[in-house]
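Asks: Handing over model-v2.cif, mmCIF, C-alpha atoms, pLDDT in the B column; chains and numbers go by the auth columns.
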data_structure
loop_
_atom_site.group_PDB
_atom_site.id
_atom_site.type_symbol
_atom_site.label_atom_id
_atom_site.label_comp_id
_atom_site.label_asym_id
_atom_site.label_seq_id
_atom_site.Cartn_x
_atom_site.Cartn_y
_atom_site.Cartn_z
_atom_site.B_iso_or_equiv
_atom_site.auth_seq_id
_atom_site.auth_asym_id
ATOM 1 C CA MET A 1 0.000 0.000 0.000 51.00 1 A
ATOM 2 C CA ASN A 2 2.907 2.344 0.659 56.00 2 A
ATOM 3 C CA GLY A 3 4.222 1.865 -2.914 56.00 3 A
ATOM 4 C CA LEU A 4 0.853 2.864 -4.400 62.00 4 A
ATOM 5 C CA SER A 5 0.465 6.097 -2.437 80.00 5 A
ATOM 6 C CA THR A 6 3.952 7.442 -3.282 83.00 6 A
ATOM 7 C CA PRO A 7 3.207 8.163 -6.991 84.00 7 A
ATOM 8 C CA TRP A 8 -0.050 9.871 -6.015 86.00 8 A
ATOM 9 C CA ALA A 9 1.721 12.008 -3.432 87.00 9 A
ATOM 10 C CA LEU A 10 4.408 12.971 -5.945 89.00 10 A
ATOM 11 C CA THR A 11 1.769 13.797 -8.562 91.00 11 A
ATOM 12 C CA LEU A 12 -0.121 15.946 -6.077 91.00 12 A
ATOM 13 C CA LEU A 13 3.081 17.705 -5.022 91.00 13 A
ATOM 14 C CA LEU A 14 3.981 18.355 -8.668 91.00 14 A
ATOM 15 C CA LEU A 15 0.480 19.682 -9.409 89.00 15 A
ATOM 16 C CA LEU A 16 0.537 22.012 -6.401 88.00 16 A
ATOM 17 C CA SER A 17 4.013 23.248 -7.358 89.00 17 A
ATOM 18 C CA GLY A 18 2.825 23.951 -10.903 85.00 18 A
ATOM 19 C CA LEU A 19 -0.194 25.857 -9.622 82.00 19 A
ATOM 20 C CA ALA A 20 1.979 27.934 -7.311 85.00 20 A
ATOM 21 C CA LEU A 21 4.489 28.637 -10.079 86.00 21 A
ATOM 22 C CA PHE A 22 1.968 29.553 -12.788 85.00 22 A
ATOM 23 C CA HIS A 23 -0.700 31.185 -10.614 85.00 23 A
ATOM 24 C CA ARG A 24 0.120 34.767 -11.582 89.00 24 A
ATOM 25 C CA PRO A 25 0.632 34.239 -15.364 87.00 25 A
ATOM 26 C CA VAL A 26 -2.518 32.133 -15.680 85.00 26 A
ATOM 27 C CA GLY A 27 -4.484 34.754 -13.754 89.00 27 A
ATOM 28 C CA ARG A 28 -3.229 37.473 -16.070 92.00 28 A
ATOM 29 C CA LEU A 29 -4.122 35.434 -19.149 91.00 29 A
ATOM 30 C CA LEU A 30 -7.619 34.807 -17.811 91.00 30 A
ATOM 31 C CA ARG A 31 -8.035 38.515 -17.033 95.00 31 A
ATOM 32 C CA LEU A 32 -6.893 39.382 -20.568 93.00 32 A
ATOM 33 C CA ALA A 33 -9.349 36.841 -22.009 94.00 33 A
ATOM 34 C CA VAL A 34 -12.254 38.335 -20.041 95.00 34 A
ATOM 35 C CA ARG A 35 -11.283 41.903 -20.945 95.00 35 A
ATOM 36 C CA SER A 36 -10.858 40.915 -24.609 95.00 36 A
ATOM 37 C CA SER A 37 -14.312 39.340 -24.583 95.00 37 A
ATOM 38 C CA LEU A 38 -15.723 42.597 -23.262 95.00 38 A
ATOM 39 C CA GLY A 39 -13.727 44.461 -25.923 94.00 39 A
ATOM 40 C CA LEU A 40 -15.241 42.235 -28.587 95.00 40 A
ATOM 41 C CA ALA A 41 -18.712 43.050 -27.252 95.00 41 A
ATOM 42 C CA VAL A 42 -17.892 46.779 -27.355 94.00 42 A
ATOM 43 C CA LEU A 43 -16.670 46.430 -30.947 95.00 43 A
ATOM 44 C CA ALA A 44 -19.843 44.583 -31.904 95.00 44 A
ATOM 45 C CA ALA A 45 -21.990 47.310 -30.343 95.00 45 A
ATOM 46 C CA PHE A 46 -19.882 50.032 -31.956 94.00 46 A
ATOM 47 C CA SER A 47 -20.232 48.347 -35.353 94.00 47 A
ATOM 48 C CA GLN A 48 -23.968 49.035 -35.100 95.00 48 A
ATOM 49 C CA ILE A 49 -23.549 52.698 -34.132 94.00 49 A
ATOM 50 C CA GLY A 50 -20.306 53.616 -35.903 92.00 50 A
ATOM 51 C CA PRO A 51 -21.573 53.813 -39.500 92.00 51 A
ATOM 52 C CA HIS A 52 -24.098 56.462 -38.458 93.00 52 A
ATOM 53 C CA LEU A 53 -21.168 58.509 -37.154 90.00 53 A
ATOM 54 C CA GLY A 54 -19.012 57.803 -40.205 87.00 54 A
ATOM 55 C CA ILE A 55 -16.566 55.648 -38.201 88.00 55 A
ATOM 56 C CA THR A 56 -16.060 51.931 -38.664 89.00 56 A
ATOM 57 C CA LEU A 57 -13.837 49.497 -36.809 91.00 57 A
ATOM 58 C CA GLY A 58 -13.447 45.829 -37.615 91.00 58 A
ATOM 59 C CA VAL A 59 -14.849 43.297 -35.180 94.00 59 A
ATOM 60 C CA ASN A 60 -11.920 40.901 -34.969 94.00 60 A
ATOM 61 C CA LEU A 61 -9.598 39.241 -32.496 93.00 61 A
ATOM 62 C CA VAL A 62 -6.713 41.695 -32.937 95.00 62 A
ATOM 63 C CA ASN A 63 -8.895 44.712 -32.180 95.00 63 A
ATOM 64 C CA ALA A 64 -10.464 42.875 -29.238 95.00 64 A
ATOM 65 C CA LEU A 65 -7.016 42.045 -27.831 94.00 65 A
ATOM 66 C CA ILE A 66 -5.947 45.681 -28.168 95.00 66 A
ATOM 67 C CA LEU A 67 -9.073 46.763 -26.294 94.00 67 A
ATOM 68 C CA GLY A 68 -8.528 44.036 -23.709 93.00 68 A
ATOM 69 C CA ALA A 69 -4.926 45.029 -23.083 94.00 69 A
ATOM 70 C CA LEU A 70 -5.272 48.827 -23.241 95.00 70 A
ATOM 71 C CA GLY A 71 -8.923 49.504 -22.406 93.00 71 A
ATOM 72 C CA VAL A 72 -10.376 52.898 -23.338 94.00 72 A
ATOM 73 C CA PRO A 73 -7.017 54.289 -24.558 96.00 73 A
ATOM 74 C CA GLY A 74 -6.855 51.273 -26.872 95.00 74 A
ATOM 75 C CA PHE A 75 -10.176 52.318 -28.369 95.00 75 A
ATOM 76 C CA GLY A 76 -8.737 55.763 -29.051 94.00 76 A
ATOM 77 C CA LEU A 77 -5.652 54.152 -30.566 95.00 77 A
ATOM 78 C CA LEU A 78 -7.783 52.049 -32.896 95.00 78 A
ATOM 79 C CA LEU A 79 -9.754 55.116 -33.950 93.00 79 A
ATOM 80 C CA MET A 80 -6.558 57.087 -34.635 94.00 80 A
ATOM 81 C CA LEU A 81 -5.034 54.196 -36.592 93.00 81 A
ATOM 82 C CA GLN A 82 -8.193 53.878 -38.669 91.00 82 A
ATOM 83 C CA TRP A 83 -8.142 57.638 -39.299 90.00 83 A
ATOM 84 C CA MET A 84 -4.483 57.500 -40.385 92.00 84 A
ATOM 85 C CA VAL A 85 -5.012 54.544 -42.724 90.00 85 A
ATOM 86 C CA ARG A 86 -8.055 56.141 -44.352 86.00 86 A
ATOM 87 C CA GLY A 87 -6.154 59.364 -45.003 78.00 87 A
ATOM 88 C CA GLY A 88 -7.592 61.526 -42.245 64.00 88 A
#
Would you give me this structure, written as structure tokens?

Replies:
Amino acid sequence: MNGLSTPWALTLLLLLSGLALFHRPVGRLLRLAVRSSLGLAVLAAFSQIGPHLGITLGVNLVNALILGALGVPGFGLLLMLQWMVRGG
């Protein structure tokens, strides 16, 4: 019985060590995923309103990641980049 519990104890110790080691990076990735999902929702809502204002932004993963990482300043950045590409 002692030989059977040793691999389980080592596996549990390895799993707990991995969780402790990667806790902060995994948390940051999850936070970025949630914020990017909200950014995607904002882009989808803006795609309905934007054409009436003469402004369009693509609803895609890159734009959502920019909004997720930078927030409101990222939205301004996307608007300025779109303005520069279209010739202002």

Asks: Apply the PyMOL selection byres ((chain A and resi 39-51) around 9) to the displayed file and report the matching residues as a short mmCIF file (atom, residue, chain, number, x, y, z; two decimals) with C-alpha atoms, in the coordinates of the input.

Replies:
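File written: result-v1.cif
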data_model
loop_
_atom_site.label_atom_id
_atom_site.label_comp_id
_atom_site.auth_asym_id
_atom_site.auth_seq_id
_atom_site.Cartn_x
_atom_site.Cartn_y
_atom_site.Cartn_z
CA VAL A 34 -12.25 38.34 -20.04
CA ARG A 35 -11.28 41.90 -20.94
CA SER A 36 -10.86 40.92 -24.61
CA SER A 37 -14.31 39.34 -24.58
CA LEU A 38 -15.72 42.60 -23.26
CA HIS A 52 -24.10 56.46 -38.46
CA LEU A 53 -21.17 58.51 -37.15
CA GLY A 54 -19.01 57.80 -40.20
CA ILE A 55 -16.57 55.65 -38.20
CA THR A 56 -16.06 51.93 -38.66
CA LEU A 57 -13.84 49.50 -36.81
CA GLY A 58 -13.45 45.83 -37.62
CA VAL A 59 -14.85 43.30 -35.18
CA ASN A 60 -11.92 40.90 -34.97
CA LEU A 61 -9.60 39.24 -32.50
CA ASN A 63 -8.90 44.71 -32.18
CA ALA A 64 -10.46 42.88 -29.24
CA LEU A 65 -7.02 42.04 -27.83
CA ILE A 66 -5.95 45.68 -28.17
CA LEU A 67 -9.07 46.76 -26.29
CA GLY A 68 -8.53 44.04 -23.71
CA GLY A 71 -8.92 49.50 -22.41
CA PHE A 75 -10.18 52.32 -28.37
#

Asks: How far is it from atom CA of Arg28 of chain A to atom CA of Leu70 of chain A, in Å with one decimal?

Replies: 13.6 Å

Asks: Which value, in Å to one decimal, gives the distance between atom CA of Leu12 of chain A and atom CA of Leu30 of chain A?

Replies: 23.4 Å

Asks: Enter the distance from atom CA of Leu79 of chain A to atom CA of Val62 of chain A, in Å, rounded to one decimal.

Replies: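 Interatomic distance, atom CA of Leu79 of chain A to atom CA of Val62 of chain A: 13.8 Å.
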
Asks: Could you rebuild segment 9-20 of chain A with all heavy atoms and give it back as a short mmCIF file (atom, residue, chain, number, x, y, z; two decimals), keeping the file's coordinate frame?

Replies:
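New file result.cif:
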data_model
loop_
_atom_site.label_atom_id
_atom_site.label_comp_id
_atom_site.auth_asym_id
_atom_site.auth_seq_id
_atom_site.Cartn_x
_atom_site.Cartn_y
_atom_site.Cartn_z
N ALA A 9 1.21 10.89 -4.22
CA ALA A 9 1.72 12.01 -3.43
C ALA A 9 2.66 12.86 -4.28
O ALA A 9 2.61 14.10 -4.22
CB ALA A 9 2.44 11.49 -2.19
N LEU A 10 3.51 12.22 -5.07
CA LEU A 10 4.41 12.97 -5.94
C LEU A 10 3.64 13.74 -7.02
O LEU A 10 3.97 14.87 -7.33
CB LEU A 10 5.43 12.03 -6.59
CG LEU A 10 6.52 11.49 -5.66
CD1 LEU A 10 7.39 10.48 -6.38
CD2 LEU A 10 7.35 12.61 -5.09
N THR A 11 2.60 13.13 -7.57
CA THR A 11 1.77 13.80 -8.56
C THR A 11 1.06 15.00 -7.95
O THR A 11 1.02 16.09 -8.55
CB THR A 11 0.73 12.81 -9.13
OG1 THR A 11 1.42 11.69 -9.69
CG2 THR A 11 -0.12 13.46 -10.20
N LEU A 12 0.54 14.84 -6.76
CA LEU A 12 -0.12 15.95 -6.08
C LEU A 12 0.86 17.06 -5.76
O LEU A 12 0.56 18.24 -5.96
CB LEU A 12 -0.78 15.44 -4.80
CG LEU A 12 -1.56 16.48 -3.98
CD1 LEU A 12 -2.73 17.02 -4.81
CD2 LEU A 12 -2.06 15.86 -2.69
N LEU A 13 2.06 16.70 -5.31
CA LEU A 13 3.08 17.70 -5.02
C LEU A 13 3.49 18.45 -6.29
O LEU A 13 3.63 19.68 -6.28
CB LEU A 13 4.30 17.04 -4.38
CG LEU A 13 5.43 17.96 -3.98
CD1 LEU A 13 4.96 18.92 -2.89
CD2 LEU A 13 6.62 17.15 -3.50
N LEU A 14 3.63 17.73 -7.39
CA LEU A 14 3.98 18.36 -8.67
C LEU A 14 2.86 19.28 -9.15
O LEU A 14 3.13 20.39 -9.62
CB LEU A 14 4.27 17.28 -9.72
CG LEU A 14 4.74 17.76 -11.07
CD1 LEU A 14 6.10 18.42 -10.95
CD2 LEU A 14 4.82 16.59 -12.03
N LEU A 15 1.62 18.86 -9.01
CA LEU A 15 0.48 19.68 -9.41
C LEU A 15 0.39 20.95 -8.58
O LEU A 15 0.20 22.05 -9.11
CB LEU A 15 -0.82 18.88 -9.28
CG LEU A 15 -2.10 19.58 -9.68
CD1 LEU A 15 -2.08 19.89 -11.17
CD2 LEU A 15 -3.29 18.72 -9.35
N LEU A 16 0.58 20.84 -7.27
CA LEU A 16 0.54 22.01 -6.40
C LEU A 16 1.70 22.96 -6.70
O LEU A 16 1.54 24.18 -6.67
CB LEU A 16 0.54 21.59 -4.94
CG LEU A 16 -0.74 20.94 -4.43
CD1 LEU A 16 -0.57 20.45 -2.99
CD2 LEU A 16 -1.91 21.88 -4.54
N SER A 17 2.86 22.41 -7.00
CA SER A 17 4.01 23.25 -7.36
C SER A 17 3.75 23.99 -8.66
O SER A 17 4.08 25.17 -8.79
CB SER A 17 5.27 22.39 -7.50
OG SER A 17 5.58 21.77 -6.29
N GLY A 18 3.16 23.31 -9.63
CA GLY A 18 2.82 23.95 -10.90
C GLY A 18 1.80 25.06 -10.73
O GLY A 18 1.92 26.13 -11.32
N LEU A 19 0.81 24.82 -9.88
CA LEU A 19 -0.19 25.86 -9.62
C LEU A 19 0.43 27.07 -8.94
O LEU A 19 0.11 28.21 -9.26
CB LEU A 19 -1.33 25.30 -8.77
CG LEU A 19 -2.34 24.40 -9.48
CD1 LEU A 19 -3.32 23.81 -8.47
CD2 LEU A 19 -3.08 25.17 -10.54
N ALA A 20 1.32 26.83 -8.00
CA ALA A 20 1.98 27.93 -7.31
C ALA A 20 2.89 28.71 -8.26
O ALA A 20 2.95 29.94 -8.20
CB ALA A 20 2.78 27.40 -6.13
#
